[in-house]
Each structure stands twice: as C-alpha cells, then as structure tokens.
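What's in work.cif: mmCIF, C-alpha atoms
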```
data_my_file
#
loop_
_atom_site.label_atom_id
_atom_site.label_comp_id
_atom_site.auth_asym_id
_atom_site.auth_seq_id
_atom_site.Cartn_x
_atom_site.Cartn_y
_atom_site.Cartn_z
CA MET A 11 0.00 0.00 0.00
CA ARG A 12 2.20 2.71 1.28
CA ALA A 13 5.27 1.04 -0.15
CA ARG A 14 3.56 0.71 -3.46
CA ALA A 15 2.58 4.32 -3.44
CA VAL A 16 6.15 5.26 -2.78
CA ALA A 17 7.34 3.07 -5.60
CA GLY A 18 4.82 4.73 -7.85
CA GLY A 19 6.15 8.05 -6.80
CA ILE A 20 9.61 7.03 -7.80
CA VAL A 21 8.46 6.03 -11.21
CA SER A 22 6.44 9.11 -11.80
CA SER A 23 8.75 11.72 -10.48
CA ILE A 24 12.21 10.47 -11.27
CA ALA A 25 13.49 9.19 -14.52
CA VAL A 26 16.82 7.59 -15.03
CA LEU A 27 18.78 9.21 -17.75
CA VAL A 28 20.03 6.07 -19.35
CA ILE A 29 22.76 7.64 -21.37
CA GLY A 30 24.78 8.53 -18.36
CA TRP A 31 28.01 8.53 -20.23
CA GLN A 32 26.78 11.28 -22.44
CA LEU A 33 26.52 13.51 -19.47
CA GLY A 34 30.12 12.98 -18.68
CA GLY A 35 31.23 15.55 -21.16
CA GLN A 36 31.93 13.18 -23.94
CA PRO A 37 33.66 15.37 -26.42
CA ALA A 38 31.11 14.54 -29.04
CA VAL A 39 31.91 17.26 -31.46
CA THR A 40 35.17 18.76 -30.51
CA ALA A 41 38.12 18.23 -28.35
CA PRO A 42 40.67 16.23 -30.17
CA SER A 43 41.36 13.95 -27.30
CA GLN A 44 45.08 13.95 -27.58
CA SER A 45 45.68 17.58 -28.19
CA THR A 46 48.42 19.07 -26.15
CA THR A 47 48.46 22.36 -24.41
CA SER A 48 49.99 24.07 -27.35
CA GLY A 49 46.50 24.92 -28.48
CA THR A 50 45.85 28.43 -29.42
CA ALA A 51 42.75 29.43 -27.58
CA SER A 52 44.05 29.55 -24.07
CA GLY A 53 47.76 29.34 -24.30
CA SER A 54 48.23 33.01 -24.80
CA GLY A 55 51.25 33.38 -22.60
CA SER A 56 49.67 35.47 -19.93
CA SER A 57 51.99 34.79 -17.10
CA GLY A 58 51.62 34.27 -13.42
CA ASN A 59 48.36 35.15 -11.91
CA GLY A 60 47.48 37.76 -14.42
CA SER A 61 44.26 37.98 -16.24
CA SER A 62 43.87 39.72 -19.49
CA GLY A 63 40.47 40.74 -20.55
CA SER A 64 38.50 43.44 -22.10
CA THR A 65 35.05 44.71 -21.54
CA ALA A 66 33.94 46.21 -24.74
CA SER A 67 30.71 48.06 -24.72
CA GLY A 68 28.54 45.92 -26.82
CA THR A 69 24.90 45.48 -27.38
CA GLY A 70 22.88 43.30 -25.11
CA GLY A 71 24.34 41.38 -22.23
CA SER A 72 27.94 40.89 -21.41
CA SER A 73 30.67 41.24 -23.93
CA VAL A 74 33.55 40.35 -21.69
CA SER A 75 36.36 38.68 -23.53
CA GLY A 76 39.76 37.46 -22.51
CA THR A 77 41.42 35.03 -20.17
CA PHE A 78 40.86 35.10 -16.45
CA THR A 79 42.86 33.16 -13.93
CA GLY A 80 41.16 31.98 -10.78
CA ASP A 81 42.85 32.04 -7.41
CA ALA A 82 44.87 28.99 -6.57
CA THR A 83 42.88 26.99 -4.08
CA GLU A 84 44.75 24.98 -1.50
CA THR A 85 43.47 21.48 -1.04
CA ARG A 86 44.84 18.68 1.03
CA TYR A 87 46.29 17.32 -2.16
CA GLY A 88 47.93 20.53 -3.22
CA PRO A 89 47.01 23.66 -5.12
CA VAL A 90 44.37 23.74 -7.80
CA GLN A 91 44.13 26.62 -10.21
CA VAL A 92 41.91 27.21 -13.19
CA ARG A 93 41.96 29.66 -16.06
CA ILE A 94 38.96 30.42 -18.24
CA THR A 95 38.76 31.84 -21.70
CA VAL A 96 35.79 34.08 -22.26
CA ALA A 97 34.38 35.32 -25.52
CA GLY A 98 31.40 37.60 -25.61
CA GLY A 99 30.56 36.88 -22.00
CA LYS A 100 30.56 33.14 -22.47
CA ILE A 101 33.11 30.63 -21.30
CA THR A 102 34.66 28.95 -24.28
CA ASP A 103 37.45 27.09 -22.56
CA VAL A 104 38.71 26.18 -19.15
CA THR A 105 42.27 25.20 -18.53
CA ALA A 106 43.64 23.70 -15.37
CA LEU A 107 46.90 25.43 -14.58
CA GLN A 108 47.54 23.34 -11.53
CA LEU A 109 45.89 20.10 -10.60
CA THR A 110 46.69 17.33 -8.22
CA ASP A 111 45.26 13.88 -8.14
CA HIS A 112 44.06 12.09 -5.08
CA ASP A 113 47.45 10.58 -4.45
CA GLY A 114 48.87 14.03 -4.09
CA ARG A 115 50.82 13.99 -7.30
CA SER A 116 50.86 16.88 -9.61
CA VAL A 117 48.89 15.97 -12.65
CA GLN A 118 50.35 16.59 -16.05
CA ILE A 119 48.42 19.52 -17.27
CA SER A 120 48.81 18.46 -20.87
CA GLN A 121 46.80 15.38 -20.11
CA GLN A 122 44.33 16.82 -17.70
CA ALA A 123 43.33 20.07 -19.28
CA ALA A 124 40.04 18.78 -20.46
CA PRO A 125 37.51 20.90 -22.25
CA ILE A 126 34.84 22.16 -19.98
CA LEU A 127 31.68 23.58 -21.39
CA ARG A 128 33.26 23.50 -24.76
CA GLN A 129 30.59 21.37 -26.28
CA GLU A 130 27.87 23.65 -25.05
CA ALA A 131 29.67 26.67 -26.33
CA LEU A 132 30.14 25.20 -29.74
CA ALA A 133 26.60 23.97 -29.81
CA ALA A 134 25.64 27.60 -29.56
CA GLN A 135 23.99 26.93 -26.28
CA SER A 136 24.62 29.65 -23.84
CA ALA A 137 27.64 28.70 -21.85
CA SER A 138 27.11 31.83 -19.89
CA ILE A 139 27.22 30.95 -16.23
CA GLN A 140 27.80 33.02 -13.15
CA ALA A 141 28.31 30.25 -10.66
CA VAL A 142 29.27 26.62 -10.36
CA SER A 143 27.78 24.02 -8.08
CA GLY A 144 29.60 20.83 -7.27
CA ALA A 145 30.42 18.64 -4.38
CA THR A 146 33.60 19.77 -2.68
CA PHE A 147 34.70 16.17 -2.54
CA THR A 148 34.33 15.91 -6.27
CA SER A 149 36.02 19.04 -7.20
CA GLU A 150 38.70 19.38 -4.55
CA GLY A 151 39.14 23.06 -4.96
CA TYR A 152 38.37 23.05 -8.63
CA THR A 153 35.01 24.73 -8.37
CA THR A 154 36.43 27.28 -5.98
CA SER A 155 39.12 28.31 -8.43
CA LEU A 156 36.69 28.15 -11.34
CA GLN A 157 34.23 30.35 -9.46
CA SER A 158 37.09 32.71 -8.74
CA ALA A 159 37.95 32.97 -12.43
CA ILE A 160 34.30 33.57 -13.29
CA ASP A 161 34.15 36.27 -10.64
CA LYS A 162 37.23 37.98 -12.02
CA ALA A 163 35.74 37.97 -15.47
CA GLY A 164 32.66 39.55 -13.98
CA LEU A 165 30.35 37.22 -15.84
CA MET B 8 31.38 45.93 -15.43
CA ASN B 9 33.00 43.69 -12.88
CA ASP B 10 30.52 44.01 -10.07
CA VAL B 11 31.48 40.84 -8.23
CA LEU B 12 32.40 41.04 -4.58
CA THR B 13 33.97 38.10 -2.79
CA PHE B 14 35.00 37.26 0.73
CA GLU B 15 36.07 34.16 2.62
CA THR B 16 34.04 32.65 5.40
CA MET B 17 33.10 29.23 6.77
CA GLY B 18 36.05 27.71 4.99
CA THR B 19 34.74 28.71 1.60
CA VAL B 20 34.38 31.73 -0.64
CA VAL B 21 31.24 33.79 -1.00
CA SER B 22 30.60 35.56 -4.30
CA LEU B 23 28.13 38.40 -4.51
CA ARG B 24 26.69 39.96 -7.61
CA GLY B 25 24.39 42.92 -7.75
CA ALA B 26 25.21 44.08 -4.25
CA ALA B 27 26.46 47.49 -3.24
CA ALA B 28 29.29 47.76 -0.74
CA ALA B 29 26.98 48.52 2.17
CA ALA B 30 24.81 45.49 1.58
CA ALA B 31 27.89 43.37 1.03
CA SER B 32 29.34 44.21 4.39
CA GLU B 33 26.01 43.43 6.00
CA VAL B 34 26.02 40.07 4.24
CA ARG B 35 29.51 39.47 5.51
CA ALA B 36 28.33 40.14 9.03
CA VAL B 37 25.52 37.63 8.60
CA PHE B 38 28.01 34.90 7.75
CA ALA B 39 30.37 35.90 10.52
CA GLY B 40 27.52 35.69 12.99
CA TYR B 41 26.58 32.19 11.97
CA ASP B 42 30.20 31.10 11.96
CA HIS B 43 30.67 32.54 15.42
CA ARG B 44 27.72 30.61 16.81
CA TYR B 45 27.96 27.29 14.99
CA SER B 46 31.52 26.61 13.87
CA LEU B 47 32.97 23.46 15.37
CA TYR B 48 36.38 24.62 14.19
CA ASP B 49 36.20 27.63 16.48
CA PRO B 50 36.56 26.38 20.05
CA SER B 51 34.89 29.52 21.36
CA SER B 52 31.73 29.14 19.31
CA VAL B 53 28.48 28.39 21.08
CA LEU B 54 28.23 24.98 19.50
CA SER B 55 31.81 24.07 20.33
CA ARG B 56 31.07 24.84 23.94
CA VAL B 57 28.01 22.62 23.76
CA ALA B 58 30.21 19.91 22.27
CA ASP B 59 32.79 20.15 25.03
CA GLY B 60 30.12 20.26 27.70
CA THR B 61 30.74 23.80 28.88
CA ILE B 62 27.13 24.74 28.26
CA ARG B 63 24.02 22.68 27.81
CA LEU B 64 22.00 22.99 24.65
CA PRO B 65 18.86 24.16 26.51
CA ASP B 66 20.93 27.02 27.91
CA THR B 67 22.06 28.31 24.54
CA PRO B 68 20.55 31.44 23.00
CA GLU B 69 17.10 31.04 21.51
CA GLN B 70 18.36 31.42 17.96
CA VAL B 71 20.70 28.47 18.43
CA ARG B 72 17.88 26.33 19.76
CA ASP B 73 15.71 27.44 16.85
CA VAL B 74 18.32 26.29 14.37
CA TYR B 75 18.61 22.97 16.19
CA ALA B 76 14.82 22.62 16.06
CA LEU B 77 14.85 23.36 12.36
CA ALA B 78 17.50 20.68 11.83
CA LEU B 79 15.46 18.19 13.84
CA ASP B 80 12.43 19.02 11.75
CA TRP B 81 14.40 18.21 8.62
CA ARG B 82 15.54 14.98 10.20
CA GLU B 83 11.89 14.01 10.54
CA ARG B 84 11.00 15.12 7.06
CA THR B 85 13.86 13.14 5.54
CA GLY B 86 13.29 10.03 7.60
CA GLY B 87 16.65 10.48 9.26
CA ALA B 88 18.68 10.76 6.07
CA PHE B 89 19.57 14.25 7.22
CA THR B 90 20.59 14.54 10.84
CA PRO B 91 22.20 17.18 13.02
CA HIS B 92 23.88 14.56 15.17
CA ARG B 93 27.32 13.20 14.52
CA PRO B 94 27.85 9.50 15.19
CA ASP B 95 29.71 10.46 18.35
CA GLY B 96 26.68 12.36 19.58
CA VAL B 97 27.99 15.85 19.00
CA VAL B 98 25.40 18.28 17.70
CA ASP B 99 26.69 19.50 14.35
CA LEU B 100 24.53 22.08 12.59
CA SER B 101 26.93 22.67 9.70
CA GLY B 102 24.43 20.91 7.45
CA VAL B 103 22.03 23.83 7.71
CA VAL B 104 24.12 26.77 8.82
CA LYS B 105 25.57 27.76 5.47
CA ALA B 106 22.15 27.64 3.85
CA LEU B 107 20.64 29.66 6.68
CA ALA B 108 23.35 32.27 6.31
CA ILE B 109 22.63 32.45 2.59
CA ARG B 110 18.90 32.74 3.31
CA ASP B 111 19.45 35.60 5.73
CA ALA B 112 21.90 37.22 3.34
CA GLY B 113 19.14 37.04 0.76
CA ALA B 114 16.88 39.04 3.04
CA VAL B 115 19.58 41.69 3.28
CA LEU B 116 20.04 41.74 -0.48
CA ASP B 117 16.28 41.96 -1.03
CA GLU B 118 16.35 45.27 0.75
CA ALA B 119 19.07 46.53 -1.53
CA GLY B 120 18.12 45.43 -5.00
CA ALA B 121 15.97 43.44 -7.37
CA ASP B 122 18.70 41.53 -9.23
CA TRP B 123 21.36 39.73 -7.28
CA MET B 124 23.14 36.42 -6.84
CA ILE B 125 24.93 34.98 -3.88
CA SER B 126 27.07 31.89 -4.17
CA ALA B 127 28.79 30.17 -1.28
CA GLY B 128 30.64 26.93 -1.75
CA GLY B 129 28.33 25.69 -4.47
CA ASP B 130 25.10 26.83 -2.86
CA VAL B 131 23.46 29.56 -4.86
CA LEU B 132 20.52 31.87 -4.24
CA VAL B 133 19.35 34.47 -6.72
CA ARG B 134 16.72 37.07 -7.31
CA GLY B 135 15.65 38.59 -10.57
CA MET B 136 17.80 38.30 -13.65
CA HIS B 137 21.43 38.49 -14.62
CA ARG B 138 22.00 42.00 -15.95
CA GLY B 139 18.26 42.22 -16.04
CA VAL B 140 18.00 40.26 -19.26
CA GLU B 141 18.75 36.57 -18.75
CA PRO B 142 18.25 34.01 -16.00
CA TRP B 143 21.03 33.52 -13.51
CA SER B 144 22.82 30.35 -14.61
CA VAL B 145 24.71 27.82 -12.56
CA GLY B 146 26.94 25.11 -13.95
CA VAL B 147 26.71 21.68 -12.34
CA VAL B 148 30.07 19.95 -12.06
CA ASP B 149 30.34 16.33 -13.15
CA PRO B 150 31.18 14.18 -10.11
CA ALA B 151 33.29 11.89 -12.26
CA HIS B 152 35.11 14.65 -14.10
CA ARG B 153 35.70 17.68 -11.98
CA ASP B 154 36.75 19.66 -14.99
CA THR B 155 33.48 19.17 -16.78
CA VAL B 156 30.19 20.89 -16.33
CA VAL B 157 27.41 18.49 -17.18
CA GLY B 158 24.52 20.84 -17.10
CA VAL B 159 23.43 24.38 -16.64
CA VAL B 160 20.67 25.31 -14.25
CA ARG B 161 18.80 28.45 -15.16
CA LEU B 162 17.17 29.82 -12.09
CA ASP B 163 13.77 31.29 -12.60
CA ALA B 164 11.45 32.43 -9.82
CA PRO B 165 10.10 30.81 -7.78
CA ARG B 166 12.97 28.37 -8.31
CA ARG B 167 15.65 30.58 -6.85
CA ALA B 168 18.07 28.24 -5.11
CA VAL B 169 20.44 25.44 -6.04
CA ALA B 170 22.69 23.28 -3.89
CA THR B 171 24.95 20.31 -4.55
CA SER B 172 26.23 17.70 -2.16
CA GLY B 173 28.65 14.83 -2.56
CA THR B 174 29.59 11.75 -0.66
CA ALA B 175 32.32 13.31 1.44
CA GLU B 176 31.53 16.93 1.95
CA ARG B 177 33.63 19.35 3.90
CA GLY B 178 32.90 19.08 7.57
CA GLU B 179 31.78 15.50 7.19
CA HIS B 180 28.21 16.49 7.75
CA ILE B 181 26.98 13.65 5.65
CA TRP B 182 26.89 10.30 7.33
CA ARG B 183 25.72 7.45 5.25
CA ARG B 184 23.56 4.82 6.72
CA THR B 185 24.49 2.32 4.06
CA ALA B 186 26.76 1.96 1.10
CA PRO B 187 26.35 5.06 -1.02
CA THR B 188 23.74 4.97 -3.72
CA PHE B 189 24.47 8.46 -5.00
CA VAL B 190 27.78 10.21 -5.27
CA GLN B 191 26.39 13.65 -6.00
CA ALA B 192 23.02 15.34 -5.88
CA THR B 193 22.00 18.77 -7.10
CA VAL B 194 18.69 20.14 -5.92
CA VAL B 195 16.88 23.21 -7.16
CA ALA B 196 14.19 24.56 -4.87
CA ASP B 197 12.34 27.71 -4.04
CA ASP B 198 14.49 28.23 -0.95
CA VAL B 199 18.11 27.48 -0.32
CA VAL B 200 17.66 25.61 2.96
CA THR B 201 15.40 23.05 1.31
CA ALA B 202 17.83 22.70 -1.59
CA ASP B 203 20.84 22.24 0.67
CA VAL B 204 19.23 19.85 3.14
CA LEU B 205 17.71 17.65 0.46
CA ALA B 206 20.96 17.51 -1.52
CA THR B 207 22.59 16.27 1.65
CA ALA B 208 19.79 13.83 2.39
CA ILE B 209 19.75 12.36 -1.11
CA VAL B 210 23.45 11.58 -0.97
CA ALA B 211 22.98 10.09 2.48
CA GLY B 212 19.97 8.04 1.37
CA ASP B 213 18.99 5.58 -1.29
CA GLU B 214 16.67 5.38 -4.29
CA GLU B 215 13.63 5.01 -2.10
CA ASP B 216 14.55 8.15 -0.19
CA LEU B 217 15.04 10.01 -3.44
CA GLY B 218 11.62 8.96 -4.66
CA ARG B 219 10.04 10.01 -1.41
CA PHE B 220 11.70 13.43 -1.33
CA THR B 221 10.73 14.24 -4.88
CA SER B 222 7.17 13.15 -4.20
CA ASP B 223 6.86 15.07 -0.96
CA VAL B 224 8.72 18.26 -1.77
CA ASP B 225 8.47 20.49 -4.80
CA VAL B 226 12.03 20.34 -6.07
CA ASP B 227 14.05 19.45 -9.14
CA VAL B 228 16.86 16.94 -8.73
CA LEU B 229 19.83 15.76 -10.74
CA ALA B 230 21.51 12.87 -8.95
CA PHE B 231 24.51 10.80 -9.97
CA GLY B 232 24.43 7.18 -8.86
CA ALA B 233 27.50 5.33 -7.68
CA ASP B 234 26.70 2.82 -10.42
CA GLY B 235 27.05 5.46 -13.10
CA ARG B 236 23.37 6.05 -13.66
CA VAL B 237 22.04 9.56 -13.63
CA TRP B 238 18.67 10.41 -12.18
CA ALA B 239 16.65 13.46 -13.01
CA THR B 240 13.24 14.81 -12.30
CA PRO B 241 11.40 16.01 -15.38
CA GLY B 242 12.28 19.58 -14.53
CA ALA B 243 15.95 18.71 -14.23
CA SER B 244 16.26 16.85 -17.51
CA SER B 245 16.45 20.11 -19.35
CA TRP B 246 19.51 21.21 -17.41
CA VAL B 247 21.54 18.61 -19.14
CA THR B 248 22.23 20.55 -22.23
CA THR B 249 24.55 18.11 -23.90
CA GLY B 250 23.22 15.15 -25.78
CA ALA B 251 19.77 13.77 -25.74
CA ALA B 252 18.74 12.83 -22.27
CA GLN B 253 16.58 9.85 -22.90
CA VAL B 254 13.69 9.53 -20.55
CA PRO B 255 12.09 6.11 -20.73
#
```
Reformat the file's structure so that it appears as structure tokens.
Amino acid sequence: MRARAVAGGIVSSIAVLVIGWQLGGQPAVTAPSQSTTSGTASGSGSSGNGSSGSTASGTGGSSVSGTFTGDATETRYGPVQVRITVAGGKITDVTALQLTDHDGRSVQISQQAAPILRQEALAAQSASIQAVSGATFTSEGYTTSLQSAIDKAGL
Amino acid sequence: MNDVLTFETMGTVVSLRGAAAAAASEVRAVFAGYDHRYSLYDPSSVLSRVADGTIRLPDTPEQVRDVYALALDWRERTGGAFTPHRPDGVVDLSGVVKALAIRDAGAVLDEAGADWMISAGGDVLVRGMHRGVEPWSVGVVDPAHRDTVVGVVRLDAPRRAVATSGTAERGEHIWRRTAPTFVQATVVADDVVTADVLATAIVAGDEEDLGRFTSDVDVDVLAFGADGRVWATPGASSWVTTGAAQVP
C-alpha cells in the first residue's frame, strides 16, 4: 500500500537518464582527445596570476572577452588553479593550470586540461554561467578556483 | 562591469553579484555571525562549547535552539537521512548553517536590490535576472570529471536556489547509513535551505529516499548514482544541455 505508493512516486517523479556517459562531457563534437596544451585558444602566454580581458561596450548582455585566472585553491592534495577563456561573456574554454590527483601527485596539465563547457559553447547553447555548483569532494578546490575565475571575469 | 564582490568565510568563498558595498558588508556580518555561533572549528563558538560540555543545549541562545529545532524538523521530514547529530553524539549544525546564512543574506540583499546572486561553496541563491536580461545560470560539475560541467541550471522564480552535495563533503556532515547509492546530488528549490538539506539527504539516502523526497517536496533533482546512472526529475532533464537525455 504505502510502499507501493512510494514506488509509484519514484516512477512518476524520477526518470533515469540512461545515457549517463553522455553527461560525462563526452567530447562529441570537438576536443581532439590527444591535443596538447599548445593549443591556441588559451595558451596566450599570460603569465603568473594575471588575467587579461577586455570589456567592450557591446549590445545586449555581457561582452567580456579574454582570459581570467582563478585564485589557486589549496586542497589537502595541493594547489588547484583554473583559467577560463571568455568570448562575448561566455566561457569557451577552461584550462587547469595546476591540478593534483588524489594521491597528491601533480597531474600533467597536458593530459588533464580537459575541455569544460566546450561542447555547449560550440553547440551555440549559452555557456554563460555566473556560478558553479559541485560537491567539494568531487572538485577538490576546482570549483572554488573556477568560481574565482568567473568572478574575475565579472560574468 | 565587474561588479562581483567576494569574501572568505566558513572555509569557503562567497561571491556576490548585484550588491552594493553597504549590503555586502552586511552580508559578511551575517556569515560571521553564523560562523561565530555554529563553527565546530572555532573552540569559542556556542556549538563548540556545547560539544565540550561547557554549556548545555537548553541554555544556549534562543536562535541556536531554533536552528537545532529546524534541523530536527528536517531529520523528521527526511526520515533520518539528514541529521544534526554526529555518530559520536555531537550536535553538528553545519548541514544547515551555510544555507541559513545564505537565506538571511538574501533578506539583506532583497532590501538593496531586485537583481542579485549569492554563491557560497556551491550553494546559490538568486533574485531577478542576470544584468536584467537573462536568467542567472549555474553550472553543475560532473562528479566523475571535476573539470566538466554536465549541465546548466537556469534559475527562474520561484525556483531561486540550487545546492549540490557529494559523498564526502567538507565538515563530514553527511553520514551514510548504508553503502552510497548516490555520489552527488544537485537540488533546485524555491528556498536554499530546502535545496541544501535535500541535496545532503539524497546523498545520504537511497533510491527510495530520493523517490520520497521528490514526491513530498516540490524540487528538481539531478543525482549521480554510484553505479554510473544519472537520475533526473522532469524539470531537471532540461539542465543537461549536452546530448539527448533519454527519458524512458
């Protein structure tokens, strides 16, 4: 009775998205999986902690463009730091400048700088976000640094 | 154009948009007040003194008892999946305190403006629109790939709050009763306390709990199972902007 009603509730209100792997940012369209960091979009030699960006006065919404480096976030595994590339107020690329894995080793950036949001951006979806929400366990400082970069860009 | 203000509190960073300096400092005071009363990292906080037996809970200020009562109420509503009690018996209100601080900060910001966003450690509360033209948007981080955003939540009144919890949150305020069913849960709700508590409870619970919460409370949920499956309420399916989310 009650149990059945609950079960019914599960069925009616929650659906399993069966293609879970698709959610995992499969680089369906882009992201040559073996590309190195010598890519052009974000490797624009801005050094240190600097951010280079411009805020042109455009029409409608944000027109922030440039690269913005988030604060390095200390985690128990070491520092994590993220840099975003913004075009017309939308994030087109995110690069991890510093990452550590859960064994405390520094991760090779060339292997770990995965495209974030890139597929949405290229799909002409709005990749315009002002905040990120993730479990701290999951992100281990990543979201903090990413939020910091977004804040600096003033998105 | 960069109208973002940030400050550190409660072991995380708060970002404010659409807030003038005066309102921002008031918001800061709100967080400091909560931290001062409830932090278990600060040995002089009210709750630390309850934990070490210096004062009894019934003797704490009314507002502390009110927060404890609120947490107990959520324990009932979640069938114990959310609880303000650590396994060692210590009363730990960190599961609600951040959300309460954000809620109170929202009241401050309401006085000051019609369009604002506050984000604190992945919990977000908004009002109005971003730059007055588009919904405030929050990226949900993939639990399996921290460098990937799997979906974008566009907050639209009355859905003004989003919160995400994972299996081993800061402060260890999630205690699983069983092997984990979900590794991460994002909840969008009308208020940030509901979003935060239910995100915590979903990760602490199982599929049956998830079904019950979504039946009982008006929220949208995107939950990642430990087995790799992804669960979404109808309202949450649209957040997942990549690929076709097949709903059987």
query = How many Å lie between atom CA of Gln140 of chain A and atom CA of Gly146 of chain B, rounded to one decimal?
reply =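 So the two atoms, atom CA of Gln140 of chain A and atom CA of Gly146 of chain B, lie 8.0 Å apart.
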key: atom CA of Val103 of chain B to atom CA of Phe89 of chain B, straight-line distance in Å   =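 Atom-to-atom, atom CA of Phe89 of chain B to atom CA of Val103 of chain B, that is 9.9 Å.
Shell of Leu156 of chain A at 8 Å, with all atoms listed in the file counted and residues fewer than 2 places along the chain excluded, is Gly80, Gln91, Val92, Arg93, Ile94, Val142, Tyr152, Thr153, Thr154, Ser158, Ala159 and Ile160 of chain A.
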Output check: residues returned by the PyMOL selection byres ((chain B and resi 204) around 10), as a PyMOL selection string = chain B and resi 78+81-82+85+88-90+102-103+106+170-172+194+199-203+205-209
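Distance check against chain A using all atoms listed in the file: of B:Gly212, B:Gly120, B:Gly218, B:Pro50, the minimum falls on B:Gly218.
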message = Could you tell me how far atom CA of Val133 of chain B sits from atom CA of Ala29 of chain B, in Å to one decimal place?
response = 18.3 Å
Under the rule of at most 12 Å, produce a per-residue listing of segment 96-206 of chain B near segment 234-241 of chain B: chain, number, name, the closest pair of atoms, and the distance in Å, as CSV, using all atoms listed in the file.
```
residue,atom,partner,partner_atom,distance
B:Asp149,CA,B:Val237,CA,10.7
B:Pro150,CA,B:Gly235,CA,10.1
B:Ala151,CA,B:Gly235,CA,9.0
B:Val157,CA,B:Val237,CA,11.0
B:Gly158,CA,B:Ala239,CA,11.5
B:Ala186,CA,B:Asp234,CA,11.6
B:Pro187,CA,B:Asp234,CA,9.7
B:Thr188,CA,B:Asp234,CA,7.6
B:Phe189,CA,B:Asp234,CA,8.1
B:Val190,CA,B:Asp234,CA,9.1
B:Gln191,CA,B:Val237,CA,9.7
B:Ala192,CA,B:Trp238,CA,9.1
B:Thr193,CA,B:Ala239,CA,9.6
B:Val194,CA,B:Thr240,CA,9.9
B:Val195,CA,B:Thr240,CA,10.5
```
Grab the residues selected above and save them as a PDB file, keeping the file's coordinate frame with C-alpha atoms.
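Printed below is again.pdb as written:
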```
ATOM      1  CA  ASP B 149      30.340  16.330 -13.150  1.00  0.00           C
ATOM      2  CA  PRO B 150      31.180  14.180 -10.110  1.00  0.00           C
ATOM      3  CA  ALA B 151      33.290  11.890 -12.260  1.00  0.00           C
ATOM      4  CA  VAL B 157      27.410  18.490 -17.180  1.00  0.00           C
ATOM      5  CA  GLY B 158      24.520  20.840 -17.100  1.00  0.00           C
ATOM      6  CA  ALA B 186      26.760   1.960   1.100  1.00  0.00           C
ATOM      7  CA  PRO B 187      26.350   5.060  -1.020  1.00  0.00           C
ATOM      8  CA  THR B 188      23.740   4.970  -3.720  1.00  0.00           C
ATOM      9  CA  PHE B 189      24.470   8.460  -5.000  1.00  0.00           C
ATOM     10  CA  VAL B 190      27.780  10.210  -5.270  1.00  0.00           C
ATOM     11  CA  GLN B 191      26.390  13.650  -6.000  1.00  0.00           C
ATOM     12  CA  ALA B 192      23.020  15.340  -5.880  1.00  0.00           C
ATOM     13  CA  THR B 193      22.000  18.770  -7.100  1.00  0.00           C
ATOM     14  CA  VAL B 194      18.690  20.140  -5.920  1.00  0.00           C
ATOM     15  CA  VAL B 195      16.880  23.210  -7.160  1.00  0.00           C
TER      16      VAL B 195
END
```
